[in-house]
Amino acid sequence: GPMATSAATSSFPSYLFPPPASRRSGARPARAAAEGVMDVVSEAELREKGFMGMRKTKLVCTVGPACMDALPALARGGMGVARVNLCHGGRDWHRAAMREVRRLNDEEGFCVSLMVDTEGSQLLVADHGGAASVKAEDCSEWLFTSKKTDKAHPITMHVNFDKFSEGILVGDELVIDGGMATFQVTEKIGSDLRCKCTDPGLLLPRAKLSFWRDGKLVERNFGLPTLSTKDWADIEFGITEGVDCIALSFVKDANDIKSLKTYLSRRSLEHIKIFAKIESLESLKNLKGIVEASDGVMVARGDLGVQVPLEQIPAIQEAIVELCRNLNKPVIVASQLLESMVEYPTPTRAEVADVSEAVRQYADAIMLSAESAIGAFPEKALSVLRAASERMESWSREENMQRHLPQYQLAIALPDRISEQICTSAVEMGILFSCANSIISNLFHSSKNSPAVLYSMQQTTLPWTPSSFTQSMATWRRSCHATDPTLPSSRSPMTPTRERA
Ligand SMILES: Nc1ncnc2c1ncn2[C@@H]1O[C@H](COP(=O)(O)OP(=O)(O)OP(=O)(O)O)[C@@H](O)[C@H]1O
Ligand SMILES: CC(=O)C(=O)O
């Protein structure tokens, strides 16, 4: 069949990542780069590496004004999940974004999952009296209040919650966005706080607040529900628009997940998968229960950094990813992966190292936030994620192969050796015939090192796969896509044509 023949390339410097086989052999059309190439496995690569050439790390893009028109290009570039963050933009905008993703799937044969992210309740600066950002100078005096003032005042911050100062003492530290600026509480006036800036910096729109005492977060329980009235309305809206997954912000414990799941199952909407966002100290305390109750998890490093000292986040990330691996739950590593690419066309070396580390830890997915939503280079940022994850995956596979080598020496007699070789090869190739979804799912999540070509007689229930997509596909083809639900039909070597029937 007319298999797509472009190479998985990027604008990323080629000296860092060796060109794929097709480029070396000159098979890659010269114009492809300029046109925005498909994230496909070329015939030449397939011949050289077999299924080992297939990337398994899923790429999540936050949809925002910067990429609304580029969604087809992002889908071609390997976007597997489109995330619509309901904190930003209005209903009409969200609807248009979701419909465009569904159109790509329905009309252009892509298989991009649609994720909505709830706003949740969080303490933040609702109005800081400035257009873009406000500078807090050293030793300047500020008033933090929940009362709305008629006109914006440059040194008055309007906080979104009237009990924000409950339990706060004079002398406590008020930290903005995990360290963008720091204040000390000098006086309590009713529920208002007068504060002095001790570490100057910037206050951005929707800046997040946290209070610290003796180097520890001041933990307070306001009894706010994880899902606000707005969140429930947003979820209803998402259901109407056909979402595949809901990322639940500020999950506190397993009950948050269970109640949403009960709600969905009462309405026969079990196909909508719930991803718990781990972004608070409380969620870390209840981590295991949350992971067990969820269909997947997001390490939301942005907000985690508001409640946890930044130097602890790498270890926390690794622990969460490992727990998810052990409990067989997909996990997304999110926030600031390529933050500098919001402005610049290339990433910092440290950012590439961060992306690679998440892949090395066997995160199932990595996510772009502002890079794709409001950045200047959404497609380039995606291509960096793609190239870095491909490279780290193949490196990890080679490493693991080395580790497996001694197994080949076990058998002594020739017939035993042959049987052993066959078994070992089958395991390494990850080929499995099964009727049971649980086995399929289990193997899928535990086989990051093998290509895992799975054949199932049932509809698979992998949390990433757009439900409408799975429902409409023939069983054998569906199962092929289970290896990488992001592949449009033309990308799978098993489905060499573009039409989907
Ligand atoms: N639909 C949108 N419209 C406008 N700007 C958006 C939109 N989605 C995201 N953004 C911008 O991209 C930035 C990063 O997106 P992201 O989803 O990480 O938001 P966030 O504010 O950090 O919220 P969260 O804590 O829920 O992730 C946001 O701060 C916002 O400026
Ligand atoms: C993604 C997100 O919500 C965060 O990192 O806070």
# chains A, B, ... in the order shown; residues from 1 in each chain; ligands from 1

call {"tool": "select_by_dssp", "arguments": {"residues": "range 47-89 of chain A", "states": "strand (DSSP E)", "output": "list in words"}}
result
Lys58, Leu59, Val60, Cys61, Thr62, Met79, Gly80, Val81, Ala82, Arg83, Val84 and Asn85 of chain A

call {"tool": "write_last_selection", "arguments": {"atoms": "N, CA and C atoms", "output": "short mmCIF file (atom, residue, chain, number, x, y, z; two decimals), in the first residue's frame"}}
result
data_model
loop_
_atom_site.label_atom_id
_atom_site.label_comp_id
_atom_site.auth_asym_id
_atom_site.auth_seq_id
_atom_site.Cartn_x
_atom_site.Cartn_y
_atom_site.Cartn_z
N LYS A 58 3.55 9.50 24.64
CA LYS A 58 2.50 10.32 24.04
C LYS A 58 2.77 11.80 24.29
N LEU A 59 2.37 12.61 23.33
CA LEU A 59 2.64 14.04 23.42
C LEU A 59 1.32 14.79 23.58
N VAL A 60 1.24 15.55 24.66
CA VAL A 60 0.02 16.30 24.95
C VAL A 60 0.28 17.77 24.63
N CYS A 61 -0.64 18.39 23.90
CA CYS A 61 -0.51 19.82 23.61
C CYS A 61 -1.68 20.57 24.22
N THR A 62 -1.39 21.62 24.98
CA THR A 62 -2.45 22.48 25.48
C THR A 62 -2.87 23.40 24.35
N MET A 79 0.96 15.08 17.96
CA MET A 79 0.10 15.36 19.12
C MET A 79 -0.87 14.20 19.31
N GLY A 80 -0.82 13.59 20.47
CA GLY A 80 -1.71 12.46 20.74
C GLY A 80 -2.91 12.85 21.58
N VAL A 81 -2.71 13.91 22.37
CA VAL A 81 -3.79 14.38 23.24
C VAL A 81 -3.84 15.90 23.12
N ALA A 82 -5.04 16.43 22.88
CA ALA A 82 -5.22 17.88 22.89
C ALA A 82 -5.89 18.24 24.22
N ARG A 83 -5.24 19.14 24.96
CA ARG A 83 -5.78 19.51 26.28
C ARG A 83 -6.38 20.90 26.21
N VAL A 84 -7.61 21.01 26.64
CA VAL A 84 -8.25 22.32 26.69
C VAL A 84 -8.37 22.68 28.17
N ASN A 85 -7.67 23.74 28.57
CA ASN A 85 -7.67 24.16 29.97
C ASN A 85 -8.80 25.14 30.19
#

call {"tool": "closest_atom_pairs", "arguments": {"of": "chain A", "to": "ligand 1", "cutoff": "9 Å", "atoms": "only C-alpha atoms and all ligand atoms", "output": "tab-separated table"}}
result
residue	atom	partner	partner_atom_place_in_ligand_line	distance
A:Thr62	CA	ligand 1	17 (O)	6.1
A:Val63	CA	ligand 1	8 (N)	6.0
A:Gly64	CA	ligand 1	2 (C)	4.1
A:Pro65	CA	ligand 1	3 (N)	5.6
A:Ala66	CA	ligand 1	5 (N)	8.4
A:Arg83	CA	ligand 1	17 (O)	8.0
A:Val84	CA	ligand 1	1 (N)	6.6
A:Asn85	CA	ligand 1	17 (O)	5.1
A:Leu86	CA	ligand 1	1 (N)	7.1
A:Cys87	CA	ligand 1	26 (O)	6.2
A:His88	CA	ligand 1	2 (C)	4.4
A:Gly89	CA	ligand 1	3 (N)	4.4
A:Gly90	CA	ligand 1	1 (N)	7.6
A:Trp93	CA	ligand 1	1 (N)	7.2
A:His94	CA	ligand 1	1 (N)	6.9
A:Ala97	CA	ligand 1	1 (N)	8.6
A:Asp117	CA	ligand 1	26 (O)	6.8
A:Thr118	CA	ligand 1	26 (O)	7.2
A:Glu119	CA	ligand 1	26 (O)	6.1
A:Gly120	CA	ligand 1	26 (O)	8.2
A:Pro205	CA	ligand 1	29 (O)	8.3
A:Arg206	CA	ligand 1	21 (O)	7.2
A:Ala207	CA	ligand 1	21 (O)	8.7
A:Ser249	CA	ligand 1	26 (O)	7.0
A:Glu279	CA	ligand 1	25 (O)	8.6
A:Ala300	CA	ligand 1	27 (O)	7.2
A:Arg301	CA	ligand 1	27 (O)	8.9
A:Gly302	CA	ligand 1	22 (O)	6.3
A:Asp303	CA	ligand 1	25 (O)	5.8
A:Ala334	CA	ligand 1	18 (O)	8.2
A:Ser335	CA	ligand 1	18 (O)	6.2
A:Gln336	CA	ligand 1	18 (O)	8.1
A:Leu368	CA	ligand 1	18 (O)	7.8
A:Ser369	CA	ligand 1	18 (O)	4.3
A:Ala370	CA	ligand 1	14 (C)	3.7
A:Glu371	CA	ligand 1	14 (C)	7.5
A:Ser372	CA	ligand 1	12 (O)	7.8
A:Ala373	CA	ligand 1	12 (O)	4.9
A:Ile374	CA	ligand 1	12 (O)	5.3
A:Gly375	CA	ligand 1	12 (O)	8.0

call {"tool": "closest_residue", "arguments": {"among": "A:Arg103, A:Lys147, A:Lys188, A:Lys277", "to": "ligand 2", "atoms": "only C-alpha atoms and all ligand atoms"}}
result
A:Lys277

call {"tool": "atom_distance", "arguments": {"atom1": "CA of Ser394 in chain A", "atom2": "atom 5 (O, counted along the ligand's line) of ligand 2"}}
result
27.4 Å

call {"tool": "closest_residue", "arguments": {"among": "A:Glu339, A:Asp138, A:Asp199, A:Glu219", "to": "ligand 2", "atoms": "only C-alpha atoms and all ligand atoms"}}
result
A:Glu339

call {"tool": "closest_residue", "arguments": {"among": "A:Arg360, A:Lys285, A:Lys208, A:Lys163", "to": "ligand 2", "atoms": "only C-alpha atoms and all ligand atoms"}}
result
A:Lys208

call {"tool": "closest_residue", "arguments": {"among": "A:Glu343, A:Glu322, A:Glu311, A:Asp177", "to": "ligand 2", "atoms": "only C-alpha atoms and all ligand atoms"}}
result
A:Asp177

call {"tool": "atom_distance", "arguments": {"atom1": "atom 6 (O, counted along the ligand's line) of ligand 2", "atom2": "CA of Cys195 in chain A"}}
result
25.6 Å

call {"tool": "residues_around", "arguments": {"residues": "Lys216 in chain A", "least_positions_apart": "6", "cutoff": "10 Å", "atoms": "only C-alpha atoms", "output": "ChimeraX atom specification"}}
result
/A:173,307-309

call {"tool": "residues_around", "arguments": {"residues": "Val291 in chain A", "least_positions_apart": "5", "cutoff": "10 Å", "atoms": "only C-alpha atoms", "output": "list of chain:residue names"}}
result
A:Asp253, A:Ala254, A:Ile257, A:Phe275, A:Ala276, A:Lys277, A:Ile278, A:Ser283, A:Asn286, A:Gly296, A:Val297, A:Met298, A:Ile320, A:Leu323, A:Cys324, A:Leu327, A:Asn328, A:Lys329, A:Pro330, A:Val331

call {"tool": "atom_distance", "arguments": {"atom1": "CA of Thr240 in chain A", "atom2": "CA of Pro463 in chain A"}}
result
18.8 Å

call {"tool": "select_by_dssp", "arguments": {"residues": "range 110-354 of chain A", "states": "helix (DSSP H, G or I)", "output": "PyMOL selection string"}}
result
chain A and resi 229-240+254-266+281-285+287-293+301-307+310-326+339-342+349-354

call {"tool": "residues_around", "arguments": {"residues": "Leu338 in chain A", "least_positions_apart": "5", "cutoff": "8 Å", "atoms": "only C-alpha atoms", "output": "ChimeraX atom specification"}}
result
/A:347-348,351-352,368,371,381

call {"tool": "write_last_selection", "arguments": {"atoms": "C-alpha atoms", "output": "PDB file, in the first residue's frame"}}
result
ATOM      1  CA  PRO A 347      15.086  24.846  23.823  1.00  0.00           C
ATOM      2  CA  THR A 348      17.736  25.164  26.510  1.00  0.00           C
ATOM      3  CA  GLU A 351      15.005  21.602  29.091  1.00  0.00           C
ATOM      4  CA  VAL A 352      16.009  18.813  26.716  1.00  0.00           C
ATOM      5  CA  LEU A 368       3.240  21.290  26.419  1.00  0.00           C
ATOM      6  CA  GLU A 371       4.611  26.475  24.709  1.00  0.00           C
ATOM      7  CA  ALA A 381       8.236  22.750  20.587  1.00  0.00           C
TER       8      ALA A 381
END

call {"tool": "closest_residue", "arguments": {"among": "A:Thr156, A:Ser280, A:Thr226, A:Thr145", "to": "ligand 2", "atoms": "only C-alpha atoms and all ligand atoms"}}
result
A:Ser280
